[in-house]
>>> print(open('structure.txt').read())   # compact mmCIF, C-alpha atoms and all ligand atoms
# COMPACT_ATOMS: atom_id res chain seq x y z
CA MET P 17 0.00 0.00 0.00
CA SER P 18 2.72 2.48 0.96
CA LEU P 19 4.58 1.75 -2.28
CA ALA P 20 1.41 2.28 -4.30
CA ILE P 21 0.89 5.66 -2.62
CA ALA P 22 4.51 6.63 -3.33
CA GLU P 23 4.21 5.51 -6.94
CA ARG P 24 1.03 7.50 -7.50
CA ALA P 25 2.53 10.60 -5.88
CA LEU P 26 5.75 10.55 -7.87
CA LEU P 27 4.64 9.20 -11.23
CA GLU P 28 1.04 10.40 -11.59
CA GLU P 29 0.61 13.40 -9.31
CA ARG P 30 4.26 14.48 -9.79
CA ARG P 31 4.56 15.70 -6.26
CA PRO P 32 7.27 15.11 -3.65
CA LEU P 33 6.66 12.52 -0.98
CA THR P 34 5.85 13.67 2.52
CA ARG P 35 8.00 12.51 5.39
CA ALA P 36 5.18 10.25 6.59
CA GLU P 37 4.94 8.64 3.15
CA VAL P 38 8.69 7.99 3.08
CA ASP P 39 8.61 6.59 6.61
CA ALA P 40 5.84 4.19 5.59
CA VAL P 41 7.94 2.94 2.66
CA ALA P 42 11.03 2.65 4.88
CA ALA P 43 9.05 0.59 7.39
CA LEU P 44 8.53 -2.19 4.84
CA PRO P 45 10.55 -5.28 5.67
CA LEU P 46 13.79 -5.78 3.75
CA ASP P 47 12.19 -8.87 2.24
CA ASP P 48 10.06 -6.43 0.22
CA LEU P 49 13.19 -4.75 -1.12
CA PRO P 50 12.70 -5.93 -4.74
CA ASP P 51 9.42 -3.97 -4.92
CA LEU P 52 11.08 -0.82 -3.53
CA VAL P 53 14.00 -1.20 -5.93
CA ALA P 54 11.59 -1.61 -8.86
CA LEU P 55 9.75 1.59 -7.92
CA ALA P 56 12.99 3.54 -7.48
CA HIS P 57 14.11 2.43 -10.93
CA LYS P 58 10.80 3.51 -12.51
CA VAL P 59 11.13 6.90 -10.83
CA ARG P 60 14.71 7.28 -12.01
CA LEU P 61 13.70 6.46 -15.61
CA ALA P 62 10.74 8.84 -15.49
CA TYR P 63 12.70 11.80 -14.11
CA CYS P 64 16.26 11.26 -15.34
CA GLY P 65 16.15 8.86 -18.29
CA PRO P 66 18.13 5.67 -18.81
CA GLU P 67 21.60 7.19 -19.17
CA VAL P 68 24.37 6.79 -16.66
CA GLU P 69 26.88 9.57 -16.23
CA LEU P 70 30.49 8.73 -15.49
CA GLU P 71 32.90 10.86 -13.53
CA SER P 72 36.46 10.39 -12.48
CA LEU P 73 38.30 12.00 -9.55
CA ILE P 74 41.82 13.11 -9.00
CA ASN P 75 43.14 13.46 -5.49
CA ALA P 76 45.30 16.42 -6.43
CA LYS P 77 46.59 17.07 -2.92
CA SER P 78 46.51 14.19 -0.51
CA GLY P 79 46.67 13.80 3.24
CA ALA P 80 47.83 16.16 6.02
CA CYS P 81 44.37 17.71 6.35
CA PRO P 82 43.97 19.58 9.65
CA GLU P 83 40.32 18.53 10.06
CA ASP P 84 39.21 15.49 12.07
CA CYS P 85 36.44 13.82 10.02
CA ALA P 86 36.28 10.40 11.67
CA PHE P 87 35.90 8.42 8.44
CA CYS P 88 38.80 10.06 6.64
CA SER P 89 42.26 8.62 6.28
CA GLN P 90 43.52 11.99 5.00
CA SER P 91 43.22 13.68 8.38
CA ALA P 92 46.61 14.54 9.87
CA ARG P 93 45.16 13.64 13.27
CA PHE P 94 45.01 9.91 12.59
CA GLU P 95 47.80 7.43 11.95
CA THR P 96 46.96 6.07 8.54
CA GLU P 97 48.98 4.88 5.61
CA VAL P 98 47.54 7.35 3.16
CA ASP P 99 49.90 9.01 0.66
CA VAL P 100 50.77 12.57 1.62
CA TYR P 101 51.71 14.96 -1.20
CA ALA P 102 51.34 18.62 -2.14
CA PHE P 103 49.31 19.78 -5.17
CA LEU P 104 50.33 17.74 -8.20
CA ASP P 105 52.11 19.26 -11.18
CA LEU P 106 49.82 20.52 -13.89
CA ASP P 107 51.17 17.82 -16.22
CA GLU P 108 50.02 15.12 -13.82
CA VAL P 109 46.55 16.64 -13.49
CA LEU P 110 46.27 16.89 -17.27
CA ALA P 111 47.42 13.29 -17.75
CA ALA P 112 44.72 12.11 -15.34
CA ALA P 113 42.12 14.20 -17.18
CA ARG P 114 43.15 12.66 -20.50
CA SER P 115 42.77 9.18 -19.00
CA THR P 116 39.33 10.20 -17.76
CA ALA P 117 38.27 11.29 -21.24
CA ALA P 118 39.71 8.09 -22.73
CA VAL P 119 37.45 5.86 -20.62
CA GLY P 120 34.30 7.68 -21.68
CA ALA P 121 33.79 9.78 -18.57
CA THR P 122 32.64 13.35 -19.13
CA GLN P 123 33.23 14.79 -15.69
CA PHE P 124 36.54 15.35 -14.00
CA CYS P 125 36.66 16.42 -10.39
CA ILE P 126 39.75 17.99 -8.83
CA VAL P 127 39.77 17.17 -5.13
CA VAL P 128 42.17 18.45 -2.49
CA ALA P 129 42.40 17.46 1.16
CA VAL P 130 42.20 20.79 2.98
CA ARG P 131 39.86 22.64 5.31
CA GLY P 132 39.56 25.27 2.60
CA PRO P 133 41.91 26.56 -0.11
CA GLU P 134 44.56 29.15 0.73
CA GLU P 135 45.48 31.64 -2.01
CA ARG P 136 48.42 29.76 -3.51
CA LEU P 137 46.46 26.52 -3.76
CA LEU P 138 43.43 28.25 -5.24
CA ARG P 139 45.57 29.80 -7.96
CA LYS P 140 47.06 26.41 -8.83
CA VAL P 141 43.61 24.82 -8.98
CA ILE P 142 42.34 27.56 -11.29
CA ASP P 143 45.35 27.04 -13.59
CA ALA P 144 44.57 23.30 -13.62
CA VAL P 145 40.88 23.89 -14.35
CA GLU P 146 41.66 26.14 -17.31
CA LEU P 147 44.25 23.70 -18.68
CA VAL P 148 41.99 20.65 -18.42
CA GLN P 149 39.06 22.44 -20.07
CA ARG P 150 41.24 23.75 -22.88
CA GLU P 151 43.00 20.46 -23.59
CA THR P 152 40.25 17.88 -23.03
CA GLY P 153 36.85 19.57 -23.19
CA LEU P 154 35.87 17.72 -20.02
CA GLU P 155 33.53 19.37 -17.57
CA VAL P 156 35.54 20.20 -14.52
CA ALA P 157 34.26 20.08 -10.98
CA CYS P 158 36.17 20.99 -7.83
CA SER P 159 36.10 19.87 -4.24
CA LEU P 160 38.28 22.20 -2.20
CA GLY P 161 36.57 22.34 1.18
CA LEU P 162 35.07 25.40 2.82
CA LEU P 163 34.87 28.46 0.55
CA ARG P 164 34.49 32.19 0.96
CA PRO P 165 32.20 33.96 -1.52
CA GLU P 166 35.05 35.63 -3.42
CA GLN P 167 36.81 32.27 -3.83
CA ALA P 168 33.63 30.72 -5.18
CA ALA P 169 33.23 33.61 -7.62
CA ARG P 170 36.76 33.06 -8.94
CA LEU P 171 36.17 29.35 -9.45
CA ALA P 172 32.92 30.03 -11.26
CA ALA P 173 34.64 32.63 -13.45
CA ALA P 174 37.33 30.05 -14.30
CA GLY P 175 34.61 27.79 -15.68
CA VAL P 176 34.12 25.36 -12.80
CA ARG P 177 30.69 24.03 -13.55
CA ARG P 178 30.03 22.21 -10.35
CA TYR P 179 31.31 22.41 -6.80
CA ASN P 180 31.36 19.34 -4.60
CA HIS P 181 30.87 19.89 -0.92
CA ASN P 182 29.34 16.97 0.91
CA LEU P 183 27.31 17.39 4.05
CA GLU P 184 28.83 13.97 4.83
CA ALA P 185 26.38 12.94 7.59
CA PRO P 186 22.92 13.74 8.92
CA ARG P 187 22.86 16.96 10.91
CA ALA P 188 22.27 15.10 14.19
CA VAL P 189 25.18 12.74 13.58
CA PHE P 190 27.73 15.25 12.26
CA PRO P 191 29.07 16.41 15.68
CA GLU P 192 30.05 12.80 16.43
CA ILE P 193 31.91 12.62 13.12
CA CYS P 194 33.71 15.96 13.07
CA THR P 195 34.60 18.55 15.71
CA THR P 196 36.82 20.94 13.74
CA HIS P 197 34.00 22.44 11.70
CA THR P 198 30.24 22.28 11.84
CA TRP P 199 27.46 20.92 9.68
CA GLU P 200 26.28 24.51 9.34
CA ASP P 201 29.74 25.49 7.97
CA ARG P 202 29.21 22.88 5.27
CA VAL P 203 25.72 24.10 4.46
CA ALA P 204 27.07 27.65 4.22
CA THR P 205 29.70 26.63 1.65
CA ALA P 206 27.12 24.70 -0.34
CA GLN P 207 25.03 27.87 -0.50
CA ILE P 208 28.04 30.04 -1.37
CA ALA P 209 28.88 27.73 -4.28
CA LYS P 210 25.32 27.97 -5.60
CA ASP P 211 25.18 31.72 -5.12
CA ALA P 212 28.34 32.01 -7.24
CA GLY P 213 26.51 30.25 -10.07
CA MET P 214 28.09 26.82 -9.81
CA GLU P 215 25.99 23.68 -9.72
CA LEU P 216 26.02 21.99 -6.36
CA CYS P 217 27.13 18.42 -5.83
CA SER P 218 26.51 17.44 -2.23
CA GLY P 219 26.04 14.07 -0.63
CA GLY P 220 27.80 12.07 1.99
CA ILE P 221 28.70 8.74 3.46
CA LEU P 222 26.18 6.17 4.59
CA GLY P 223 27.01 3.58 7.21
CA LEU P 224 28.63 5.93 9.73
CA GLY P 225 26.46 4.44 12.47
CA GLU P 226 23.34 6.46 11.67
CA THR P 227 19.90 4.95 12.12
CA LEU P 228 17.51 4.40 9.23
CA GLU P 229 15.49 7.37 10.48
CA GLN P 230 18.61 9.57 10.43
CA ARG P 231 19.42 8.33 6.94
CA ILE P 232 16.01 9.55 5.83
CA ASP P 233 16.57 12.86 7.67
CA PHE P 234 19.81 13.14 5.72
CA ALA P 235 18.12 12.70 2.35
CA PHE P 236 15.58 15.42 3.24
CA GLU P 237 18.38 17.70 4.48
CA LEU P 238 20.24 17.24 1.22
CA ALA P 239 17.07 17.79 -0.82
CA GLU P 240 16.63 21.16 0.88
CA LEU P 241 19.90 22.31 -0.71
CA ASP P 242 18.48 21.38 -4.13
CA PRO P 243 21.76 19.88 -5.38
CA CYS P 244 22.02 18.80 -9.00
CA GLU P 245 23.98 15.78 -7.90
CA VAL P 246 24.23 13.69 -4.73
CA PRO P 247 27.22 11.36 -4.37
CA ILE P 248 26.43 8.36 -2.19
CA ASN P 249 29.48 6.87 -0.53
CA LEU P 250 29.13 3.69 1.53
CA LEU P 251 31.54 3.57 4.43
CA ASP P 252 34.57 1.40 3.77
CA PRO P 253 36.21 1.70 7.21
CA ARG P 254 39.79 2.89 6.90
CA PRO P 255 42.49 1.49 9.17
CA GLY P 256 43.77 4.05 11.65
CA THR P 257 40.62 6.20 11.61
CA PRO P 258 38.20 6.34 14.55
CA LEU P 259 35.69 4.41 12.42
CA ALA P 260 38.13 1.62 11.58
CA GLU P 261 36.07 -0.93 13.51
CA GLN P 262 32.68 0.20 12.22
CA GLY P 263 31.00 -2.73 10.49
CA LEU P 264 29.97 -2.51 6.84
CA MET P 265 26.34 -1.79 5.95
CA SER P 266 24.61 -4.85 4.60
CA PRO P 267 24.02 -4.77 0.83
CA ARG P 268 20.26 -4.79 1.39
CA GLU P 269 20.43 -1.80 3.75
CA ALA P 270 22.54 0.06 1.21
CA LEU P 271 20.07 -0.68 -1.61
CA GLN P 272 17.18 0.39 0.58
CA ALA P 273 18.96 3.69 1.28
CA ILE P 274 19.75 4.32 -2.41
CA ALA P 275 16.13 3.64 -3.34
CA LEU P 276 14.81 5.93 -0.58
CA PHE P 277 17.17 8.70 -1.72
CA ARG P 278 15.72 8.32 -5.24
CA LEU P 279 12.15 8.58 -3.96
CA ILE P 280 13.04 11.67 -1.91
CA MET P 281 15.07 13.31 -4.72
CA PRO P 282 13.47 11.99 -7.90
CA GLY P 283 15.20 14.29 -10.38
CA THR P 284 18.66 14.54 -8.81
CA TRP P 285 21.69 12.76 -10.20
CA LEU P 286 22.51 10.07 -7.65
CA ARG P 287 26.09 9.01 -8.05
CA LEU P 288 27.38 5.78 -6.53
CA ALA P 289 30.83 6.53 -5.20
CA GLY P 290 33.35 5.12 -2.72
CA GLY P 291 32.64 1.84 -1.00
CA ARG P 292 30.14 0.55 -3.58
CA GLU P 293 32.31 -2.45 -4.50
CA LYS P 294 32.97 -3.36 -0.89
CA VAL P 295 29.41 -2.95 0.39
CA LEU P 296 27.28 -4.02 -2.56
CA GLY P 297 29.55 -6.90 -3.55
CA GLU P 298 27.59 -9.39 -5.65
CA LEU P 299 24.68 -6.96 -5.79
CA GLN P 300 26.73 -4.26 -7.55
CA ALA P 301 24.38 -4.09 -10.54
CA LEU P 302 21.39 -3.56 -8.29
CA GLY P 303 22.76 -0.18 -7.20
CA LEU P 304 21.98 1.06 -10.72
CA LEU P 305 18.57 -0.59 -10.67
CA ALA P 306 17.72 0.93 -7.29
CA GLY P 307 17.70 4.52 -8.50
CA ALA P 308 21.32 5.54 -9.00
CA ASN P 309 22.14 7.03 -12.41
CA ALA P 310 25.76 8.05 -12.16
CA LEU P 311 29.03 6.43 -11.14
CA ILE P 312 32.50 7.37 -10.09
CA VAL P 313 34.75 5.30 -12.32
CA GLY P 314 38.31 4.33 -11.57
CA ASN P 315 39.83 4.83 -8.16
CA TYR P 316 38.46 6.88 -5.31
CA LEU P 317 40.41 9.35 -3.21
CA THR P 318 42.15 6.83 -1.00
CA THR P 319 40.79 3.46 -2.09
CA LEU P 320 40.84 1.47 -5.30
CA GLY P 321 37.71 1.11 -7.39
CA ARG P 322 36.74 -1.22 -10.22
CA THR P 323 38.34 -0.83 -13.62
CA PRO P 324 36.43 1.36 -16.10
CA GLU P 325 36.18 -1.71 -18.36
CA GLU P 326 34.31 -3.59 -15.64
CA ASP P 327 31.87 -0.71 -15.24
CA HIS P 328 31.33 -0.41 -18.99
CA ALA P 329 30.63 -4.17 -19.11
CA LEU P 330 28.17 -3.75 -16.25
CA LEU P 331 26.35 -0.93 -18.05
CA ASP P 332 26.27 -2.95 -21.28
CA ALA P 333 24.79 -5.90 -19.42
CA LEU P 334 22.16 -3.64 -17.88
CA GLY P 335 21.38 -2.01 -21.24
CA MET P 336 22.10 1.42 -19.78
CA PRO P 337 23.71 3.90 -22.19
CA VAL P 338 26.61 6.00 -21.02
CA ALA P 339 25.84 9.69 -21.16
CA GLU P 340 27.74 10.82 -24.23
CA GLY P 341 28.43 14.36 -23.22
CA PRO P 342 27.75 16.71 -20.37
CA GLY P 343 25.07 19.30 -20.05
CA GLU P 344 21.79 20.23 -21.60
CA GLY P 345 21.69 20.44 -25.35
CA ARG P 346 24.01 17.46 -25.68
CA PHE P 347 22.94 14.11 -27.00
CA VAL P 348 23.27 10.57 -25.85
CA ILE P 349 23.45 7.78 -28.36
CA ASP P 350 21.96 4.37 -27.75
CA ALA P 351 20.42 1.59 -29.82
CA ASP P 352 17.59 3.93 -30.88
CA GLY P 353 20.00 6.58 -32.11
CA PRO P 354 20.79 10.02 -30.69
CA HIS P 355 18.39 11.75 -28.37
CA PRO P 356 18.68 14.73 -26.03
CA MET P 357 20.45 14.19 -22.81
CA PRO P 358 18.23 14.61 -19.76
CA ALA P 359 18.41 17.98 -18.09
CA ARG P 360 20.33 18.15 -14.83
CA ARG P 361 17.23 19.43 -13.11
CA PRO P 362 14.12 17.28 -13.01
CA ASN P 363 12.76 17.00 -16.55
CA ILE P 364 9.24 17.29 -15.30
CA PRO P 365 9.12 19.63 -12.34
CA LEU P 366 7.58 18.45 -9.15
CA THR P 367 4.52 20.28 -7.99
CA VAL P 368 5.06 21.39 -4.43
CA GLU P 369 1.70 21.60 -2.73
S1 LIG U 1 36.90 14.69 4.79
FE1 LIG U 1 37.95 16.45 3.87
S2 LIG U 1 37.95 18.00 5.49
FE2 LIG U 1 37.54 16.02 6.49
S3 LIG U 1 39.56 15.27 7.12
FE3 LIG U 1 39.13 14.37 5.10
S4 LIG U 1 40.09 15.77 3.63
FE4 LIG U 1 39.92 16.86 5.60
>>> encode(input="structure.txt", output="structure tokens")
Amino acid sequence: MSLAIAERALLEERRPLTRAEVDAVAALPLDDLPDLVALAHKVRLAYCGPEVELESLINAKSGACPEDCAFCSQSARFETEVDVYAFLDLDEVLAAARSTAAVGATQFCIVVAVRGPEERLLRKVIDAVELVQRETGLEVACSLGLLRPEQAARLAAAGVRRYNHNLEAPRAVFPEICTTHTWEDRVATAQIAKDAGMELCSGGILGLGETLEQRIDFAFELAELDPCEVPINLLDPRPGTPLAEQGLMSPREALQAIALFRLIMPGTWLRLAGGREKVLGELQALGLLAGANALIVGNYLTTLGRTPEEDHALLDALGMPVAEGPGEGRFVIDADGPHPMPARRPNIPLTVE
């Protein structure tokens, strides 16, 4: 019954689900997961289309971060074996961007492990952004931590299309995860990035110890920011971090969460990111049938991912075309020929009552 109500709301009435409606769906036993997954997939197709967008990351400055995010092996406060290096040479960034383009990805995200960028680093990032755009045509995103408005304006002027700044955890859980900055600091940067004209990419990590109810809170909190994209990481506990002993989410819990995120944010790009191999395991393909429509390909910031060839084979097997090029006005090509790529915003706007 609760799934039928959700289906009618999202696919016929085109309205967002209320919290009570989502709670009713979340209360279904995990044995009913196939029905929830099927609905999430229908919603994804109706709002976003069948394409899957691929993005690759470069960890352009690794480790030695002064912050204390409990899941992160790049914090200088924990004894981890993560590589520590300063901002890479421009040649290295460009080489990584060329590899990204070669595997069919259209998005390239420059990530640095800092609280926020100081002037010298920001200038280097802007040089890298301009070089990558000029030489590869890739869309460039950045993830540089907390921003001030003038920094965001400079990134936007340099052509950064999208800024990644994850909220990381539900508001109620965040103080247990990080003490060196606040959840509100993160929300403020997300807003600053949007105000500067960049698209917002903001998600987080599931499996930090949050309850199902908090996971749902988190999806609603993210939806309030109206991001164009939400990366969903699944905690892969890193040795040496305070969360090293945290157990993995079960694959079914992870799929339930992905599907609920899709129902709560029907038109947002949901990108499966770090930890998907480890947590979903044999059910890897189901992540893309449970509402996700984008992937990080290649390696993550501090962990290894699947090879791009494996992900292309997975998409082929699922009959899901790879988004051919970024942005509105571009086309994707599948067995039926070229057709317009879905807009980054919901194709068919939700009616908010
Ligand atoms: S998540 Fe980001 S801000 Fe937090 S410790 Fe890691 S690199 Fe630093």
>>> residues_near_ligand(input="structure.txt", ligand="ligand LIG 1 (chain U)", cutoff="6 Å", atoms="all atoms listed in the file", output="PDB file with C-alpha atoms, in the frame of the given file")
ATOM      1  CA  CYS P  81      44.370  17.710   6.350  1.00  0.00           C
ATOM      2  CA  GLU P  83      40.320  18.530  10.060  1.00  0.00           C
ATOM      3  CA  ASP P  84      39.210  15.490  12.070  1.00  0.00           C
ATOM      4  CA  CYS P  85      36.440  13.820  10.020  1.00  0.00           C
ATOM      5  CA  CYS P  88      38.800  10.060   6.640  1.00  0.00           C
ATOM      6  CA  GLN P  90      43.520  11.990   5.000  1.00  0.00           C
ATOM      7  CA  SER P  91      43.220  13.680   8.380  1.00  0.00           C
ATOM      8  CA  ALA P 129      42.400  17.460   1.160  1.00  0.00           C
ATOM      9  CA  VAL P 130      42.200  20.790   2.980  1.00  0.00           C
ATOM     10  CA  ARG P 131      39.860  22.640   5.310  1.00  0.00           C
TER      11      ARG P 131
END
>>> closest_atom_pairs(input="structure.txt", of="region 191-294 of chain P", to="region 98-120 of chain P", cutoff="12 Å", atoms="only C-alpha atoms", output="JSON lines")
{"residue": "P:Arg254", "atom": "CA", "partner": "P:Val98", "partner_atom": "CA", "distance": 9.7}
{"residue": "P:Pro255", "atom": "CA", "partner": "P:Val98", "partner_atom": "CA", "distance": 9.8}
{"residue": "P:Gly256", "atom": "CA", "partner": "P:Val98", "partner_atom": "CA", "distance": 9.9}
{"residue": "P:Thr257", "atom": "CA", "partner": "P:Val98", "partner_atom": "CA", "distance": 11.0}
>>> residues_around(input="structure.txt", residues="region 173-188 of chain P", least_positions_apart="5", cutoff="9 Å", atoms="only C-alpha atoms", output="ChimeraX atom specification")
/P:125,127,142-143,145-146,149,155-162,168,193,199-200,202-203,205-206,209-210,212-222,224,226,230-235,237-238,244-247,249
>>> atom_distance(input="structure.txt", atom1="CA of Thr284 (chain P)", atom2="CA of Ala144 (chain P)")
27.8 Å
>>> residues_near_point(input="structure.txt", point="(19.2, 18.2, -7.2)", cutoff="7 Å", atoms="only C-alpha atoms", output="list in words")
Ala239, Asp242, Pro243, Cys244, Glu245, Met281, Gly283, Thr284, Trp285 and Arg361 of chain P
>>> atom_distance(input="structure.txt", atom1="CA of Pro282 (chain P)", atom2="CA of Leu70 (chain P)")
18.9 Å
>>> atom_distance(input="structure.txt", atom1="CA of Gly79 (chain P)", atom2="CA of Ala92 (chain P)")
6.7 Å
>>> residues_around(input="structure.txt", residues="region 30-47 of chain P", least_positions_apart="3", cutoff="10 Å", atoms="all atoms listed in the file", output="PyMOL selection string")
chain P and resi 17-27+50-52+63+228-229+232-233+236+268-269+271-273+275-277+279-282+364-369
>>> closest_residue(input="structure.txt", among="P:Ser266, P:Gln300, P:Ser72, P:Thr96", to="Leu154 (chain P)", atoms="all atoms listed in the file")
P:Ser72
>>> residues_near_point(input="structure.txt", point="(26.1, -4.3, 3.5)", cutoff="9 Å", atoms="all atoms listed in the file", output="MDAnalysis selection string")
chainID P and resid 223 250 263:271 294:297
>>> closest_residue(input="structure.txt", among="P:His197, P:Arg164, P:Arg287, P:Lys58", to="Glu134 (chain P)", atoms="only C-alpha atoms")
P:Arg164
>>> closest_residue(input="structure.txt", among="P:Ala121, P:Ala80, P:Ala339, P:Ala204", to="Thr152 (chain P)", atoms="all atoms listed in the file")
P:Ala121
>>> closest_residue(input="structure.txt", among="P:Arg278, P:Leu61, P:Thr323, P:Arg170", to="Gly307 (chain P)", atoms="all atoms listed in the file")
P:Arg278
>>> closest_residue(input="structure.txt", among="P:Leu302, P:Met336, P:Ala329, P:Ala310", to="Val53 (chain P)", atoms="only C-alpha atoms")
P:Leu302
>>> closest_residue(input="structure.txt", among="P:Glu69, P:Leu49, P:His57, P:Cys194", to="His328 (chain P)", atoms="all atoms listed in the file")
P:Glu69
